Amino acid sequence: MIKSTSFLRHALCLSVLSALSVSVTAFGDESSAQDALPSLTLDLKNVTVSGLSSGGYMATQFHLAHSDWVKGVGVIAGGPYYCAQGDITTALAQCVSKVEGEINLEALNEKAKQYETEGKIASLSNMKDAKVWLFHGTQDTRVIAPVSDLLFEQYKLWTDTQNIAYINDKPMAHLFPTKNNGVNCMKSESPFIGNCDYDAAGAMLSHLVEDVSTPDESLSGQIHSIDQQKIAGSDAKTLASEGFVYVPESCAQGEPCRAHISFHGCNQYADAVGDAYTTQTGLNEWADDNHIVVLYPQTKKSLFMPLNPQGCWDWWGYADNNYANREGTQINAVKQLLFSLNKSNGSNNG
């Protein structure tokens, strides 16, 4: 028999995950994997990251963990760093679809300072010159505006304001906005990519990366599959077997390229939406013409402990207590995935 407290935590976990996103699309037999991953020459000292919802929370966590070499972050529908404070009940009460009471932003920032002192995140001074792009749709009820506003306030304490863009005036639901891909922009439904007549990927990368060019409509590159379990070992225990990488032709041919990590949201992992997230956000088009390799790490759902039935990234502590710093298993796993792509990966030990 399950104890009542355990049952309550299971129920709360399901509730907060459902608040972030709800429906799941069956994954067919399609595969995004192409031929063997080519040898790449990546700039691992100027990495950018981004994510939607739980992936947005993870993008911020990854940014703080490695701000010595992660120089820019884009967050769609995310909240402040360490909002959940390692507690699913707090996540549900304050960090998603409602804010009960007042979120103590000072306490969250103190946690970041504590981690900095303990050497669990990079120096917060690195954040001063970071590029930050934040987005919240006015029709988003999964992660409400006051939650995203607090992330904006938090970054303003760390980062020069001229380096921060916060777009919060567009009538869009809880999804990744695109120019013409995906579902009705007013509905938060699978695969949570919206036909919004707004190129969020382009707006974000144009802010995070200097001198990017507007892409043409053709793609030169390919999506490759990587073995997350083989690369990251035990750190990847809560991740899927496969992750994905988009490699432009120029990068495959050996030209030096930048790296971007894109974290999907809940119910956007590959077994739920197929290749939708890795092909429809618009990131690949911008990456293709601007010499950027895009890493799409993948979670997996779990109906057992650690409970993660909707395949979210860990922003409340289901994987381990260090989920929000660089000793966390998911953060460490994704770092290993990124560094494994580079043929000279020993050049950066961040």
# chains A, B, ... in the order shown; residues from 1 in each chain; ligands from 1
>>> residues_around(residues="A:Gln310", least_positions_apart="5", cutoff="6 Å", atoms="only C-alpha atoms", output="PyMOL selection string")
chain A and resi 266-267+301
>>> closest_atom_pairs(of="stretch 206-267 of chain A", to="stretch 45-68 of chain A", cutoff="7 Å", atoms="only C-alpha atoms", output="JSON lines")
{"residue": "A:Arg258", "atom": "CA", "partner": "A:Val47", "partner_atom": "CA", "distance": 6.7}
{"residue": "A:Ala259", "atom": "CA", "partner": "A:Val47", "partner_atom": "CA", "distance": 5.3}
{"residue": "A:His260", "atom": "CA", "partner": "A:Thr48", "partner_atom": "CA", "distance": 4.8}
{"residue": "A:Ile261", "atom": "CA", "partner": "A:Val49", "partner_atom": "CA", "distance": 4.6}
{"residue": "A:Ser262", "atom": "CA", "partner": "A:Ser50", "partner_atom": "CA", "distance": 5.0}
{"residue": "A:Phe263", "atom": "CA", "partner": "A:Gly51", "partner_atom": "CA", "distance": 4.4}
{"residue": "A:His264", "atom": "CA", "partner": "A:Gly55", "partner_atom": "CA", "distance": 5.1}
{"residue": "A:Gly265", "atom": "CA", "partner": "A:Gly55", "partner_atom": "CA", "distance": 4.9}
{"residue": "A:Cys266", "atom": "CA", "partner": "A:Ser54", "partner_atom": "CA", "distance": 6.2}
>>> write_last_selection(atoms="N, CA, C and O atoms", output="mmCIF file, in the first residue's frame")
data_model
loop_
_atom_site.group_PDB
_atom_site.id
_atom_site.type_symbol
_atom_site.label_atom_id
_atom_site.label_comp_id
_atom_site.auth_asym_id
_atom_site.auth_seq_id
_atom_site.Cartn_x
_atom_site.Cartn_y
_atom_site.Cartn_z
ATOM 1 N N ARG A 258 29.721 27.701 -34.110
ATOM 2 C CA ARG A 258 29.210 27.929 -32.776
ATOM 3 C C ARG A 258 28.347 26.746 -32.347
ATOM 4 O O ARG A 258 28.004 25.894 -33.168
ATOM 5 N N ALA A 259 27.966 26.735 -31.071
ATOM 6 C CA ALA A 259 27.091 25.674 -30.556
ATOM 7 C C ALA A 259 25.926 26.284 -29.795
ATOM 8 O O ALA A 259 26.099 27.251 -29.037
ATOM 9 N N HIS A 260 24.738 25.720 -30.014
ATOM 10 C CA HIS A 260 23.538 26.135 -29.295
ATOM 11 C C HIS A 260 22.849 24.884 -28.766
ATOM 12 O O HIS A 260 22.732 23.888 -29.472
ATOM 13 N N ILE A 261 22.381 24.943 -27.516
ATOM 14 C CA ILE A 261 21.631 23.839 -26.918
ATOM 15 C C ILE A 261 20.181 24.266 -26.782
ATOM 16 O O ILE A 261 19.887 25.327 -26.233
ATOM 17 N N SER A 262 19.266 23.436 -27.284
ATOM 18 C CA SER A 262 17.839 23.729 -27.200
ATOM 19 C C SER A 262 17.138 22.672 -26.356
ATOM 20 O O SER A 262 17.113 21.493 -26.713
ATOM 21 N N PHE A 263 16.562 23.107 -25.220
ATOM 22 C CA PHE A 263 15.861 22.208 -24.310
ATOM 23 C C PHE A 263 14.361 22.230 -24.603
ATOM 24 O O PHE A 263 13.714 23.274 -24.482
ATOM 25 N N HIS A 264 13.804 21.087 -24.958
ATOM 26 C CA HIS A 264 12.369 20.980 -25.218
ATOM 27 C C HIS A 264 11.572 21.155 -23.929
ATOM 28 O O HIS A 264 12.119 21.100 -22.816
ATOM 29 N N GLY A 265 10.271 21.313 -24.058
ATOM 30 C CA GLY A 265 9.395 21.412 -22.898
ATOM 31 C C GLY A 265 8.818 20.064 -22.510
ATOM 32 O O GLY A 265 9.170 19.021 -23.075
ATOM 33 N N CYS A 266 7.935 20.065 -21.528
ATOM 34 C CA CYS A 266 7.230 18.831 -21.159
ATOM 35 C C CYS A 266 6.421 18.336 -22.356
ATOM 36 O O CYS A 266 5.883 19.126 -23.136
#
>>> closest_atom_pairs(of="stretch 187-277 of chain A", to="stretch 316-323 of chain A", cutoff="10 Å", atoms="only C-alpha atoms", output="JSON lines")
{"residue": "A:Asp235", "atom": "CA", "partner": "A:Ala319", "partner_atom": "CA", "distance": 9.6}
{"residue": "A:Lys237", "atom": "CA", "partner": "A:Ala319", "partner_atom": "CA", "distance": 8.8}
{"residue": "A:Thr238", "atom": "CA", "partner": "A:Ala319", "partner_atom": "CA", "distance": 7.0}
>>> write_last_selection(atoms="C-alpha atoms", output="tab-separated table (two decimals), in the first residue's frame")
chain	number	residue	atom	x	y	z
A	235	ASP	CA	24.41	11.00	-15.46
A	237	LYS	CA	19.83	7.82	-16.33
A	238	THR	CA	16.80	10.15	-16.53
>>> select_by_dssp(residues="stretch 66-119 of chain A", states="strand (DSSP E)", output="PyMOL selection string")
chain A and resi 70-76
>>> atom_distance(atom1="atom CA of A:Ser241", atom2="atom CA of A:Ile121")
27.1 Å
>>> select_by_dssp(residues="stretch 124-251 of chain A", states="helix (DSSP H, G or I)", output="compact mmCIF listing (two decimals) with all heavy atoms, in the first residue's frame")
# COMPACT_ATOMS: atom_id res chain seq x y z
N LEU A 124 29.00 34.47 -10.57
CA LEU A 124 27.87 35.27 -11.03
C LEU A 124 28.32 36.53 -11.76
O LEU A 124 27.54 37.13 -12.49
CB LEU A 124 26.98 35.64 -9.85
CG LEU A 124 26.18 34.47 -9.24
CD1 LEU A 124 25.54 34.87 -7.93
CD2 LEU A 124 25.11 33.98 -10.22
N SER A 125 29.57 36.91 -11.60
CA SER A 125 30.08 38.09 -12.31
C SER A 125 30.10 37.87 -13.82
O SER A 125 30.06 38.82 -14.60
CB SER A 125 31.49 38.44 -11.83
OG SER A 125 32.41 37.40 -12.12
N ASN A 126 30.12 36.60 -14.23
CA ASN A 126 30.07 36.30 -15.67
C ASN A 126 28.76 36.74 -16.30
O ASN A 126 28.69 36.95 -17.51
CB ASN A 126 30.22 34.79 -15.90
CG ASN A 126 31.55 34.25 -15.45
OD1 ASN A 126 32.58 34.88 -15.66
ND2 ASN A 126 31.55 33.08 -14.83
N MET A 127 27.72 36.86 -15.47
CA MET A 127 26.38 37.16 -15.98
C MET A 127 26.25 38.59 -16.48
O MET A 127 25.33 38.91 -17.23
CB MET A 127 25.36 36.90 -14.88
CG MET A 127 25.42 35.51 -14.28
SD MET A 127 24.69 34.27 -15.33
CE MET A 127 22.96 34.66 -15.10
N LYS A 128 27.16 39.45 -16.05
CA LYS A 128 27.03 40.87 -16.36
C LYS A 128 26.95 41.13 -17.86
O LYS A 128 26.14 41.94 -18.32
CB LYS A 128 28.22 41.64 -15.77
CG LYS A 128 28.17 43.15 -15.96
CD LYS A 128 29.33 43.82 -15.27
CE LYS A 128 29.21 45.34 -15.34
NZ LYS A 128 29.29 45.85 -16.73
N ASP A 129 27.77 40.45 -18.63
CA ASP A 129 27.83 40.70 -20.07
C ASP A 129 27.07 39.66 -20.89
O ASP A 129 27.17 39.64 -22.11
CB ASP A 129 29.29 40.73 -20.52
CG ASP A 129 30.07 41.86 -19.90
OD1 ASP A 129 29.48 42.96 -19.73
OD2 ASP A 129 31.26 41.66 -19.56
N ALA A 145 2.14 35.23 -16.38
CA ALA A 145 3.03 36.37 -16.55
C ALA A 145 3.82 36.73 -15.29
O ALA A 145 5.02 37.02 -15.38
CB ALA A 145 2.23 37.58 -17.05
N PRO A 146 3.19 36.77 -14.09
CA PRO A 146 3.98 37.12 -12.90
C PRO A 146 5.18 36.22 -12.66
O PRO A 146 6.19 36.66 -12.11
CB PRO A 146 2.95 37.00 -11.77
CG PRO A 146 1.64 37.25 -12.41
CD PRO A 146 1.76 36.61 -13.77
N VAL A 147 5.09 34.96 -13.09
CA VAL A 147 6.22 34.03 -12.94
C VAL A 147 7.35 34.42 -13.88
O VAL A 147 8.51 34.52 -13.48
CB VAL A 147 5.76 32.58 -13.19
CG1 VAL A 147 6.94 31.63 -13.15
CG2 VAL A 147 4.72 32.17 -12.16
N SER A 148 7.02 34.67 -15.15
CA SER A 148 8.04 35.09 -16.11
C SER A 148 8.59 36.46 -15.77
O SER A 148 9.78 36.73 -15.98
CB SER A 148 7.46 35.10 -17.53
OG SER A 148 7.27 33.78 -18.01
N ASP A 149 7.75 37.33 -15.25
CA ASP A 149 8.22 38.67 -14.85
C ASP A 149 9.32 38.57 -13.80
O ASP A 149 10.28 39.36 -13.81
CB ASP A 149 7.06 39.49 -14.29
CG ASP A 149 6.04 39.89 -15.34
OD1 ASP A 149 6.34 39.75 -16.55
OD2 ASP A 149 4.93 40.32 -14.96
N LEU A 150 9.21 37.60 -12.91
CA LEU A 150 10.22 37.44 -11.87
C LEU A 150 11.56 36.98 -12.43
O LEU A 150 12.62 37.35 -11.92
CB LEU A 150 9.73 36.47 -10.80
CG LEU A 150 8.70 37.05 -9.83
CD1 LEU A 150 8.12 35.95 -8.94
CD2 LEU A 150 9.32 38.14 -8.97
N LEU A 151 11.52 36.18 -13.49
CA LEU A 151 12.77 35.80 -14.15
C LEU A 151 13.44 37.04 -14.74
O LEU A 151 14.67 37.21 -14.64
CB LEU A 151 12.52 34.77 -15.24
CG LEU A 151 13.74 34.33 -16.05
CD1 LEU A 151 14.78 33.67 -15.16
CD2 LEU A 151 13.33 33.39 -17.18
N PHE A 152 12.64 37.91 -15.33
CA PHE A 152 13.14 39.18 -15.87
C PHE A 152 13.78 40.02 -14.76
O PHE A 152 14.90 40.54 -14.91
CB PHE A 152 12.00 39.94 -16.54
CG PHE A 152 12.35 41.28 -17.09
CD1 PHE A 152 13.48 41.47 -17.87
CD2 PHE A 152 11.55 42.38 -16.83
CE1 PHE A 152 13.80 42.72 -18.40
CE2 PHE A 152 11.85 43.63 -17.34
CZ PHE A 152 12.99 43.80 -18.12
N GLU A 153 13.09 40.12 -13.63
CA GLU A 153 13.63 40.89 -12.51
C GLU A 153 14.94 40.28 -12.01
O GLU A 153 15.87 40.99 -11.64
CB GLU A 153 12.61 40.95 -11.37
CG GLU A 153 11.35 41.74 -11.69
CD GLU A 153 11.65 43.18 -12.06
OE1 GLU A 153 12.53 43.79 -11.41
OE2 GLU A 153 11.03 43.69 -13.01
N GLN A 154 14.99 38.97 -11.99
CA GLN A 154 16.19 38.28 -11.51
C GLN A 154 17.39 38.55 -12.43
O GLN A 154 18.48 38.90 -11.96
CB GLN A 154 15.91 36.78 -11.44
CG GLN A 154 16.86 36.00 -10.58
CD GLN A 154 16.37 34.57 -10.41
OE1 GLN A 154 16.00 33.91 -11.38
NE2 GLN A 154 16.38 34.08 -9.18
N TYR A 155 17.16 38.41 -13.73
CA TYR A 155 18.26 38.66 -14.66
C TYR A 155 18.71 40.12 -14.60
O TYR A 155 19.90 40.42 -14.81
CB TYR A 155 17.87 38.26 -16.08
CG TYR A 155 18.30 36.85 -16.44
CD1 TYR A 155 17.37 35.86 -16.68
CD2 TYR A 155 19.64 36.51 -16.53
CE1 TYR A 155 17.75 34.56 -16.99
CE2 TYR A 155 20.04 35.23 -16.85
CZ TYR A 155 19.10 34.25 -17.07
OH TYR A 155 19.50 32.98 -17.38
N LYS A 156 17.81 41.05 -14.33
CA LYS A 156 18.21 42.46 -14.23
C LYS A 156 19.18 42.70 -13.09
O LYS A 156 19.96 43.65 -13.12
CB LYS A 156 16.98 43.36 -14.09
CG LYS A 156 16.19 43.54 -15.37
CD LYS A 156 15.23 44.72 -15.31
CE LYS A 156 14.16 44.54 -14.27
NZ LYS A 156 13.19 45.66 -14.29
N LEU A 157 19.14 41.85 -12.08
CA LEU A 157 20.09 41.97 -10.97
C LEU A 157 21.47 41.47 -11.35
O LEU A 157 22.47 41.86 -10.74
CB LEU A 157 19.57 41.20 -9.76
CG LEU A 157 18.27 41.70 -9.13
CD1 LEU A 157 17.81 40.73 -8.03
CD2 LEU A 157 18.46 43.09 -8.55
N TRP A 158 21.54 40.58 -12.32
CA TRP A 158 22.80 39.96 -12.70
C TRP A 158 23.40 40.54 -13.99
O TRP A 158 24.62 40.53 -14.15
CB TRP A 158 22.59 38.46 -12.92
CG TRP A 158 22.20 37.69 -11.71
CD1 TRP A 158 22.61 37.90 -10.43
CD2 TRP A 158 21.32 36.54 -11.66
NE1 TRP A 158 22.04 36.96 -9.58
CE2 TRP A 158 21.25 36.12 -10.32
CE3 TRP A 158 20.60 35.84 -12.63
CZ2 TRP A 158 20.49 35.02 -9.92
CZ3 TRP A 158 19.84 34.75 -12.24
CH2 TRP A 158 19.78 34.36 -10.90
N THR A 161 21.23 45.76 -18.28
CA THR A 161 19.87 45.79 -18.85
C THR A 161 19.88 45.92 -20.37
O THR A 161 18.95 45.44 -21.02
CB THR A 161 19.06 46.94 -18.23
OG1 THR A 161 19.78 48.17 -18.38
CG2 THR A 161 18.81 46.69 -16.76
N GLN A 162 20.89 46.57 -20.95
CA GLN A 162 20.91 46.70 -22.40
C GLN A 162 21.13 45.36 -23.09
O GLN A 162 20.91 45.23 -24.31
CB GLN A 162 21.99 47.69 -22.86
CG GLN A 162 23.42 47.24 -22.64
CD GLN A 162 23.98 47.77 -21.33
OE1 GLN A 162 23.24 48.09 -20.41
NE2 GLN A 162 25.30 47.88 -21.27
N ASN A 163 21.54 44.35 -22.33
CA ASN A 163 21.75 43.02 -22.89
C ASN A 163 20.53 42.12 -22.77
O ASN A 163 20.56 40.97 -23.20
CB ASN A 163 22.93 42.33 -22.19
CG ASN A 163 24.26 42.96 -22.54
OD1 ASN A 163 24.39 43.64 -23.56
ND2 ASN A 163 25.25 42.77 -21.69
N ALA A 200 10.19 33.25 -33.43
CA ALA A 200 10.86 33.36 -32.13
C ALA A 200 12.32 32.93 -32.22
O ALA A 200 13.19 33.54 -31.60
CB ALA A 200 10.13 32.52 -31.09
N ALA A 201 12.60 31.88 -32.98
CA ALA A 201 13.98 31.40 -33.12
C ALA A 201 14.87 32.49 -33.70
O ALA A 201 15.99 32.73 -33.22
CB ALA A 201 14.01 30.16 -33.99
N GLY A 202 14.37 33.17 -34.73
CA GLY A 202 15.14 34.23 -35.35
C GLY A 202 15.33 35.43 -34.44
O GLY A 202 16.43 35.99 -34.34
N ALA A 203 14.26 35.83 -33.77
CA ALA A 203 14.36 36.96 -32.84
C ALA A 203 15.36 36.65 -31.72
O ALA A 203 16.16 37.50 -31.33
CB ALA A 203 12.99 37.28 -32.26
N MET A 204 15.30 35.43 -31.22
CA MET A 204 16.18 35.03 -30.13
C MET A 204 17.65 35.00 -30.57
O MET A 204 18.52 35.61 -29.95
CB MET A 204 15.77 33.67 -29.60
CG MET A 204 16.70 33.11 -28.54
SD MET A 204 16.15 31.48 -27.96
CE MET A 204 16.38 30.52 -29.46
N LEU A 205 17.93 34.26 -31.65
CA LEU A 205 19.32 34.12 -32.08
C LEU A 205 19.90 35.45 -32.55
O LEU A 205 21.09 35.70 -32.37
CB LEU A 205 19.43 33.07 -33.18
CG LEU A 205 19.27 31.62 -32.72
CD1 LEU A 205 19.35 30.66 -33.90
CD2 LEU A 205 20.31 31.25 -31.68
N SER A 206 19.06 36.31 -33.11
CA SER A 206 19.54 37.64 -33.53
C SER A 206 19.98 38.47 -32.33
O SER A 206 20.86 39.32 -32.45
CB SER A 206 18.45 38.37 -34.31
OG SER A 206 18.16 37.70 -35.52
N HIS A 207 19.36 38.23 -31.18
CA HIS A 207 19.76 38.93 -29.96
C HIS A 207 20.97 38.28 -29.30
O HIS A 207 21.86 38.98 -28.79
CB HIS A 207 18.59 38.96 -28.97
CG HIS A 207 18.91 39.68 -27.69
ND1 HIS A 207 18.97 41.05 -27.60
CD2 HIS A 207 19.20 39.21 -26.45
CE1 HIS A 207 19.29 41.40 -26.36
NE2 HIS A 207 19.43 40.30 -25.64
N LEU A 208 21.02 36.95 -29.32
CA LEU A 208 22.08 36.24 -28.60
C LEU A 208 23.40 36.22 -29.34
O LEU A 208 24.47 36.17 -28.71
CB LEU A 208 21.65 34.80 -28.31
CG LEU A 208 20.39 34.58 -27.47
CD1 LEU A 208 20.20 33.09 -27.19
CD2 LEU A 208 20.44 35.36 -26.17
N GLN A 228 22.91 9.07 -25.98
CA GLN A 228 23.07 9.83 -24.74
C GLN A 228 23.57 8.94 -23.60
O GLN A 228 24.37 9.39 -22.77
CB GLN A 228 21.74 10.48 -24.35
CG GLN A 228 21.26 11.51 -25.36
CD GLN A 228 20.05 12.29 -24.89
OE1 GLN A 228 19.95 13.49 -25.11
NE2 GLN A 228 19.09 11.63 -24.25
N GLN A 229 23.10 7.70 -23.54
CA GLN A 229 23.51 6.81 -22.47
C GLN A 229 24.99 6.45 -22.56
O GLN A 229 25.71 6.41 -21.55
CB GLN A 229 22.65 5.54 -22.50
CG GLN A 229 21.16 5.78 -22.38
CD GLN A 229 20.78 6.42 -21.05
OE1 GLN A 229 21.33 6.08 -20.01
NE2 GLN A 229 19.85 7.36 -21.08
N LYS A 230 25.45 6.19 -23.76
CA LYS A 230 26.86 5.83 -23.95
C LYS A 230 27.77 7.01 -23.63
O LYS A 230 28.83 6.85 -23.01
CB LYS A 230 27.09 5.37 -25.39
CG LYS A 230 28.53 4.94 -25.68
CD LYS A 230 28.67 4.44 -27.10
CE LYS A 230 30.11 4.01 -27.40
NZ LYS A 230 30.24 3.51 -28.80
N ILE A 231 27.36 8.20 -24.03
CA ILE A 231 28.20 9.38 -23.84
C ILE A 231 28.24 9.82 -22.38
O ILE A 231 29.31 10.11 -21.83
CB ILE A 231 27.70 10.54 -24.72
CG1 ILE A 231 27.87 10.19 -26.20
CG2 ILE A 231 28.44 11.84 -24.40
CD1 ILE A 231 27.14 11.12 -27.15
N ALA A 232 27.08 9.88 -21.74
CA ALA A 232 26.99 10.48 -20.41
C ALA A 232 26.85 9.47 -19.28
O ALA A 232 26.85 9.86 -18.11
CB ALA A 232 25.84 11.49 -20.36
N GLY A 233 26.73 8.19 -19.59
CA GLY A 233 26.72 7.16 -18.56
C GLY A 233 25.62 7.34 -17.53
O GLY A 233 24.48 7.65 -17.87
N SER A 234 25.98 7.19 -16.28
CA SER A 234 24.99 7.24 -15.20
C SER A 234 24.34 8.61 -15.07
O SER A 234 23.22 8.72 -14.55
CB SER A 234 25.63 6.84 -13.87
OG SER A 234 26.69 7.73 -13.53
N ASP A 235 25.01 9.66 -15.52
CA ASP A 235 24.41 11.00 -15.46
C ASP A 235 23.19 11.10 -16.37
O ASP A 235 22.37 12.00 -16.21
CB ASP A 235 25.44 12.06 -15.84
CG ASP A 235 26.45 12.31 -14.74
OD1 ASP A 235 26.09 12.14 -13.55
OD2 ASP A 235 27.60 12.66 -15.05
N ALA A 236 23.10 10.20 -17.34
CA ALA A 236 21.99 10.23 -18.31
C ALA A 236 20.86 9.29 -17.93
O ALA A 236 19.99 9.01 -18.76
CB ALA A 236 22.51 9.90 -19.70
N GLU A 249 25.88 21.98 -43.26
CA GLU A 249 26.89 21.41 -44.15
C GLU A 249 28.26 22.04 -43.93
O GLU A 249 29.29 21.35 -43.94
CB GLU A 249 26.47 21.59 -45.61
CG GLU A 249 27.42 20.95 -46.61
CD GLU A 249 26.95 21.15 -48.05
OE1 GLU A 249 26.06 21.98 -48.28
OE2 GLU A 249 27.49 20.45 -48.93
N SER A 250 28.28 23.35 -43.69
CA SER A 250 29.57 24.04 -43.49
C SER A 250 30.29 23.48 -42.27
O SER A 250 31.52 23.31 -42.28
CB SER A 250 29.35 25.54 -43.32
OG SER A 250 28.51 25.81 -42.21
N CYS A 251 29.55 23.17 -41.22
CA CYS A 251 30.15 22.62 -40.00
C CYS A 251 30.62 21.19 -40.24
O CYS A 251 31.69 20.78 -39.75
CB CYS A 251 29.15 22.67 -38.85
SG CYS A 251 28.48 24.32 -38.51
>>> closest_atom_pairs(of="stretch 256-334 of chain A", to="stretch 177-199 of chain A", cutoff="7 Å", atoms="only C-alpha atoms", output="Markdown table")
| residue | atom | partner | partner_atom | distance |
| --- | --- | --- | --- | --- |
| A:Gln268 | CA | A:Pro191 | CA | 6.2 |
| A:Val273 | CA | A:Pro191 | CA | 5.8 |
| A:Ala276 | CA | A:Pro191 | CA | 6.7 |
| A:Gln280 | CA | A:Asn181 | CA | 6.2 |
| A:Thr281 | CA | A:Thr178 | CA | 6.0 |
| A:Gly282 | CA | A:Thr178 | CA | 6.7 |
>>> closest_residue(among="A:Val247, A:Leu283, A:Ile226, A:Leu239", to="A:Asn332", atoms="only C-alpha atoms")
A:Leu239
>>> closest_residue(among="A:Asp289, A:Pro171, A:Phe244, A:Gly137", to="A:Asp211", atoms="only C-alpha atoms")
A:Asp289
>>> closest_residue(among="A:Leu42, A:Ile144, A:Leu337, A:Ala173", to="A:Gln298", atoms="only C-alpha atoms")
A:Leu337
>>> atom_distance(atom1="atom CA of A:Thr299", atom2="atom CA of A:Val70")
21.1 Å
>>> closest_residue(among="A:Ile331, A:Asp216, A:Ala240, A:Asp140", to="A:Ser302", atoms="only C-alpha atoms")
A:Ala240
>>> closest_residue(among="A:Pro309, A:His174, A:Asn342, A:Ala112", to="A:Glu255", atoms="only C-alpha atoms")
A:Asn342
>>> closest_residue(among="A:Asp271, A:Tyr246, A:Gln114, A:Ile76", to="A:Met172", atoms="only C-alpha atoms")
A:Ile76
>>> atom_distance(atom1="atom CA of A:Pro80", atom2="atom CA of A:Ile103")
9.6 Å
